[in-house]
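Pasted below: protein_18.txt, compact mmCIF, C-alpha atoms.
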```txt
# COMPACT_ATOMS: atom_id res chain seq x y z
CA MET A 38 -8.37 14.07 -12.21
CA ILE A 39 -7.90 13.09 -8.55
CA VAL A 40 -9.76 10.23 -6.85
CA ASP A 41 -9.18 10.24 -3.08
CA ASP A 42 -11.66 10.22 -0.19
CA HIS A 43 -9.60 12.67 1.88
CA GLU A 44 -10.47 16.24 0.92
CA VAL A 45 -7.25 17.64 2.40
CA VAL A 46 -5.20 15.28 0.24
CA ARG A 47 -7.18 16.17 -2.88
CA ARG A 48 -6.82 19.89 -2.22
CA GLY A 49 -3.09 19.57 -1.63
CA ILE A 50 -2.51 17.64 -4.84
CA ALA A 51 -4.80 19.98 -6.78
CA GLU A 52 -2.78 22.99 -5.66
CA LEU A 53 0.45 21.32 -6.74
CA VAL A 54 -0.95 20.39 -10.13
CA ASP A 55 -2.65 23.73 -10.80
CA ARG A 56 0.61 25.58 -10.01
CA ALA A 57 2.56 23.43 -12.45
CA GLU A 58 2.89 24.77 -15.98
CA GLY A 59 0.64 23.09 -18.53
CA MET A 60 -1.40 21.13 -15.98
CA ALA A 61 -4.89 21.53 -14.56
CA VAL A 62 -7.20 19.44 -12.39
CA VAL A 63 -10.40 18.85 -14.34
CA ALA A 64 -12.32 16.89 -11.68
CA GLU A 65 -12.14 15.41 -8.18
CA ALA A 66 -13.94 12.41 -6.70
CA ALA A 67 -14.09 10.69 -3.31
CA SER A 68 -15.34 7.20 -4.22
CA VAL A 69 -15.13 4.50 -6.86
CA ALA A 70 -18.62 5.21 -8.22
CA ASP A 71 -18.12 8.97 -8.32
CA GLY A 72 -14.66 8.60 -9.83
CA VAL A 73 -15.86 6.39 -12.67
CA ARG A 74 -18.88 8.64 -13.36
CA ARG A 75 -16.89 11.88 -13.41
CA ALA A 76 -14.07 10.41 -15.46
CA ASP A 77 -16.63 9.38 -18.07
CA LEU A 78 -17.85 12.99 -18.20
CA VAL A 79 -14.53 14.87 -18.33
CA ARG A 80 -12.36 12.19 -19.99
CA PRO A 81 -9.12 13.16 -18.21
CA GLN A 82 -5.70 12.51 -19.71
CA ILE A 83 -4.32 11.38 -16.32
CA VAL A 84 -6.07 10.02 -13.21
CA LEU A 85 -4.39 9.96 -9.79
CA VAL A 86 -6.19 7.38 -7.69
CA ASP A 87 -5.89 6.28 -4.07
CA LEU A 88 -6.16 2.56 -3.26
CA GLN A 89 -8.48 2.73 -0.27
CA LEU A 90 -11.89 4.22 -1.07
CA PRO A 91 -15.20 4.03 0.85
CA ASP A 92 -16.97 1.81 -1.68
CA GLY A 93 -14.07 -0.31 -2.91
CA THR A 94 -10.47 0.17 -3.99
CA GLY A 95 -8.53 2.18 -6.51
CA ILE A 96 -8.06 -1.06 -8.43
CA ASP A 97 -11.82 -0.99 -9.14
CA VAL A 98 -11.39 2.49 -10.61
CA LEU A 99 -8.47 1.35 -12.77
CA ARG A 100 -10.45 -1.63 -14.04
CA ALA A 101 -13.43 0.54 -15.01
CA LEU A 102 -11.24 3.16 -16.69
CA ARG A 103 -9.43 0.50 -18.65
CA GLU A 104 -12.77 -0.59 -20.13
CA LYS A 105 -14.43 2.82 -20.57
CA LEU A 106 -11.49 5.15 -21.24
CA PRO A 107 -8.53 3.14 -22.54
CA GLU A 108 -6.69 6.35 -23.52
CA THR A 109 -6.72 7.67 -19.95
CA ARG A 110 -3.52 6.84 -18.07
CA ALA A 111 -3.54 6.10 -14.35
CA ILE A 112 -1.17 6.80 -11.47
CA VAL A 113 -1.74 5.11 -8.11
CA LEU A 114 -1.01 7.50 -5.21
CA THR A 115 -1.37 5.68 -1.92
CA SER A 116 -0.10 5.14 1.62
CA PHE A 117 0.23 1.37 1.13
CA ASP A 118 3.67 0.01 0.26
CA ASP A 119 2.19 -3.38 -0.54
CA ASP A 120 3.39 -6.04 -3.01
CA ASP A 121 -0.12 -7.31 -3.81
CA ALA A 122 -1.41 -3.78 -4.41
CA LEU A 123 1.56 -2.97 -6.62
CA ALA A 124 1.01 -6.10 -8.72
CA ALA A 125 -2.75 -5.49 -8.94
CA ALA A 126 -2.17 -1.91 -10.11
CA LEU A 127 0.19 -3.18 -12.79
CA ASP A 128 -2.31 -5.82 -13.93
CA GLU A 129 -4.98 -3.14 -14.37
CA GLY A 130 -2.74 -0.90 -16.44
CA ALA A 131 -1.40 1.67 -13.96
CA ALA A 132 1.53 3.60 -15.41
CA ALA A 133 3.06 4.56 -12.04
CA TYR A 134 2.77 3.78 -8.32
CA LEU A 135 3.60 6.53 -5.83
CA LEU A 136 3.53 6.62 -2.04
CA LYS A 137 1.98 9.67 -0.40
CA SER A 138 5.29 10.32 1.33
CA VAL A 139 6.80 11.55 -1.95
CA ARG A 140 7.81 15.17 -2.45
CA GLY A 141 5.30 17.38 -4.21
CA ALA A 142 7.71 18.05 -7.06
CA GLU A 143 8.00 14.32 -7.67
CA ILE A 144 4.24 14.02 -8.17
CA THR A 145 4.24 16.61 -10.95
CA GLU A 146 7.36 15.05 -12.52
CA VAL A 147 5.65 11.66 -12.65
CA ILE A 148 2.47 13.19 -14.09
CA ARG A 149 4.53 14.80 -16.88
CA ALA A 150 6.33 11.52 -17.60
CA VAL A 151 3.12 9.51 -17.74
CA ALA A 152 1.39 12.18 -19.87
CA ALA A 153 4.32 11.93 -22.28
CA GLY A 154 3.65 8.23 -22.68
CA ARG A 155 6.18 6.79 -20.26
CA THR A 156 5.34 3.84 -18.00
CA LEU A 157 7.15 3.85 -14.66
CA LEU A 158 5.60 0.65 -13.37
CA ASP A 159 6.46 -2.67 -14.98
CA ARG A 160 6.92 -6.30 -13.98
CA ARG A 161 10.60 -5.73 -13.18
CA THR A 162 9.59 -2.99 -10.72
CA VAL A 163 7.26 -5.44 -8.97
CA THR A 164 9.98 -8.10 -8.87
CA ARG A 165 12.52 -5.67 -7.42
CA HIS A 166 9.97 -4.45 -4.89
CA LYS A 167 9.23 -7.98 -3.75
CA ALA A 168 12.95 -8.72 -3.45
CA ARG A 169 13.25 -5.76 -1.08
CA HIS A 170 10.14 -6.73 0.87
CA GLU A 171 10.44 -10.49 1.34
CA ASP A 172 8.37 -11.69 4.28
CA PRO A 173 10.88 -12.09 7.13
CA THR A 174 8.63 -14.71 8.76
CA ASP A 175 8.93 -17.18 5.88
CA GLY A 176 11.44 -19.31 7.78
CA LEU A 177 9.57 -19.40 11.09
CA THR A 178 8.02 -22.54 12.54
CA PRO A 179 4.30 -22.62 13.46
CA SER A 180 5.24 -22.29 17.13
CA GLU A 181 7.42 -19.26 16.42
CA LEU A 182 4.65 -17.65 14.36
CA ARG A 183 2.26 -18.12 17.27
CA VAL A 184 4.77 -16.53 19.64
CA ILE A 185 5.17 -13.40 17.51
CA GLU A 186 1.38 -13.14 17.18
CA LEU A 187 1.09 -13.11 20.99
CA ILE A 188 3.96 -10.63 21.30
CA GLY A 189 1.95 -8.42 18.97
CA GLU A 190 -0.99 -8.69 21.39
CA GLY A 191 1.24 -7.23 24.11
CA MET A 192 1.75 -10.41 26.13
CA SER A 193 4.76 -10.96 28.36
CA ASN A 194 6.91 -14.09 28.06
CA ARG A 195 5.19 -15.55 31.13
CA GLU A 196 1.73 -14.89 29.68
CA ILE A 197 2.75 -16.46 26.36
CA ALA A 198 4.05 -19.53 28.19
CA GLU A 199 0.75 -19.87 30.07
CA ARG A 200 -1.29 -19.40 26.88
CA LEU A 201 0.71 -22.00 24.94
CA GLY A 202 1.14 -24.44 27.83
CA ILE A 203 4.95 -24.37 27.69
CA VAL A 204 7.68 -23.23 30.06
CA GLU A 205 8.94 -19.65 29.94
CA LYS A 206 12.43 -20.79 28.92
CA THR A 207 10.96 -22.32 25.75
CA VAL A 208 9.30 -19.00 24.95
CA LYS A 209 12.66 -17.25 25.35
CA ASN A 210 14.27 -19.82 23.05
CA HIS A 211 11.56 -19.22 20.45
CA ILE A 212 12.10 -15.46 20.66
CA THR A 213 15.86 -15.85 20.28
CA SER A 214 15.27 -17.94 17.17
CA VAL A 215 12.70 -15.46 15.81
CA LEU A 216 15.07 -12.52 16.22
CA ALA A 217 17.84 -14.36 14.39
CA LYS A 218 15.60 -15.46 11.50
CA MET A 219 13.93 -12.05 11.09
CA GLY A 220 17.19 -10.13 11.37
CA LEU A 221 16.01 -8.21 14.43
CA GLN A 222 17.75 -7.45 17.71
CA ARG A 223 15.03 -6.77 20.27
CA ARG A 224 11.65 -8.13 21.27
CA THR A 225 10.13 -4.65 20.85
CA GLN A 226 11.07 -4.75 17.17
CA VAL A 227 8.97 -7.89 16.76
CA ALA A 228 5.99 -6.13 18.34
CA ALA A 229 6.49 -3.14 16.04
CA TRP A 230 6.69 -5.41 12.98
CA VAL A 231 3.43 -7.17 13.92
CA ALA A 232 1.72 -3.78 14.39
CA SER A 233 2.96 -2.54 11.02
CA ARG A 234 1.59 -5.65 9.28
CA ALA A 235 -1.79 -5.11 10.94
CA ARG A 236 -1.92 -1.57 9.49
CA ALA A 237 -0.80 -2.60 6.01
CA GLY A 238 -4.06 -3.98 4.64
CA TRP A 239 -5.22 -1.87 1.66
CA ARG A 240 -8.31 -3.92 0.86
CA VAL A 241 -11.38 -2.94 2.87
CA GLU A 242 -14.97 -4.03 2.61
CA PRO A 243 -17.40 -1.37 1.36
CA GLY A 244 -18.33 0.87 4.26
CA GLY A 245 -15.30 -0.36 6.23
```
What's the structure tokens form of this structure?
Amino acid sequence: MIVDDHEVVRRGIAELVDRAEGMAVVAEAASVADGVRRADLVRPQIVLVDLQLPDGTGIDVLRALREKLPETRAIVLTSFDDDDALAAALDEGAAAYLLKSVRGAEITEVIRAVAAGRTLLDRRTVTRHKARHEDPTDGLTPSELRVIELIGEGMSNREIAERLGIVEKTVKNHITSVLAKMGLQRRTQVAAWVASRARAGWRVEPGG
């Protein structure tokens, strides 16, 4: 069963699964409520669930399935490479966590592995993931954090200086320090990092 609010994504995954030997899609859903209701009707062996849904998150689906259908195994298939989401999926019993950038063949391989009883997501996976995705701003001072926030808003060094009430040379010093601490080389990389963080949120309010 596939739970994803994007019809094109559902259709693409369904075609992959239906072409694979010994697999079939028994139901599709586009929301938490619909996913839980349909799963209760068809009792799928495997559920592929997206994290971001119109009326909640995939974690809500996992939680409901864990209570209603403990034999059903879940695979999170999402665009969000997010430590909190990964840990939450693990806590609610997900057997695997895949990004939508994976090859089609990999999706069917993971489905087979999970159907055979394997778990590809464990606490060590989360720990390794976090080690690779440590927040590069951890060592920044409050002033440096404010500077990168304003860089992310598209401000020039002069505009940042005026906003913070400091001289432009101090802004440049902050940026030099930020680049060194974050392991970056250019100011534009800081702006790109801020933008990527803004897009990374996987939790949305219902209707958001």
Which residue of A:Ala150, A:Tyr134, A:Met219, A:Ile203 approaches Leu182 (chain A) most closely, using only C-alpha atoms: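 Using only C-alpha atoms, Leu182 (chain A) sits closest to A:Met219.
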Nearby residues (all atoms listed in the file) at most 12 Å from Gln226 (chain A), same-chain spacing under 6 positions excluded, as a PyMOL selection string: chain A and resi 185+188-189+212+215-216+219-220+232-233
Could the residues of region 101-176 of chain A that have an atom at most 8 Å from region 40-62 of chain A be listed as a tab-separated table, each with its closest atom pair and the distance in Å to one decimal, counting only C-alpha atoms and ordered by chain and ascending residue number?
```
residue	atom	partner	partner_atom	distance
A:Gly141	CA	A:Leu53	CA	6.7
A:Ala142	CA	A:Leu53	CA	8.0
A:Thr145	CA	A:Val54	CA	6.5
```
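Take CA of Arg75 (chain A) and CA of Asp119 (chain A): the distance between them is 27.6 Å.
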Among listed residues A:Glu143, A:Glu108, A:Glu181, A:Asp71, nearest Asp92 (chain A) (using only C-alpha atoms): A:Asp71
Interatomic distance (Å, one decimal) between CA of Glu146 (chain A) and CA of Ala126 (chain A):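 Between CA of Glu146 (chain A) and CA of Ala126 (chain A) the gap is 19.6 Å.
Taking CA of Glu129 (chain A) and CA of Leu78 (chain A) as endpoints, the distance between them is 21.0 Å.
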Which of A:Ala111, A:Lys218, A:Arg100, A:Ser193 sits closest to Pro81 (chain A) [using all atoms listed in the file]: A:Ala111
Expected answer as a ChimeraX atom specification: all residues with atoms within 12 Å of (-12.5, 0.8, -17.0), all atoms listed in the file: /A:69-70,72-74,76-77,80,84,95-111,129-131
Residues at most 10 Å from Thr178 (chain A), counting all atoms listed in the file, excluding those fewer than 4 positions away in the same chain, as a PDB file with C-alpha atoms, in the coordinates of the input?
```
ATOM      1  CA  THR A 174       8.630 -14.710   8.760  1.00  0.00           C
ATOM      2  CA  LEU A 182       4.650 -17.650  14.360  1.00  0.00           C
ATOM      3  CA  ARG A 183       2.260 -18.120  17.270  1.00  0.00           C
ATOM      4  CA  VAL A 184       4.770 -16.530  19.640  1.00  0.00           C
ATOM      5  CA  HIS A 211      11.560 -19.220  20.450  1.00  0.00           C
ATOM      6  CA  SER A 214      15.270 -17.940  17.170  1.00  0.00           C
ATOM      7  CA  VAL A 215      12.700 -15.460  15.810  1.00  0.00           C
TER       8      VAL A 215
END
```
Which residue of A:Leu127, A:Gln222, A:Arg195, A:Lys137 approaches Lys209 (chain A) most closely, using all atoms listed in the file: A:Arg195
Please provide as a compact mmCIF listing (two decimals) with C-alpha atoms, keeping the file's coordinate frame all residues within 8 Å of Ile197 (chain A), with the sequence filter that same-chain residues fewer than 3 positions apart are discarded (counting only C-alpha atoms).
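As written to disk, result-v2.txt reads:
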```txt
# COMPACT_ATOMS: atom_id res chain seq x y z
CA VAL A 184 4.77 -16.53 19.64
CA LEU A 187 1.09 -13.11 20.99
CA ILE A 188 3.96 -10.63 21.30
CA MET A 192 1.75 -10.41 26.13
CA SER A 193 4.76 -10.96 28.36
CA ASN A 194 6.91 -14.09 28.06
CA ARG A 200 -1.29 -19.40 26.88
CA LEU A 201 0.71 -22.00 24.94
CA GLU A 205 8.94 -19.65 29.94
CA VAL A 208 9.30 -19.00 24.95
```
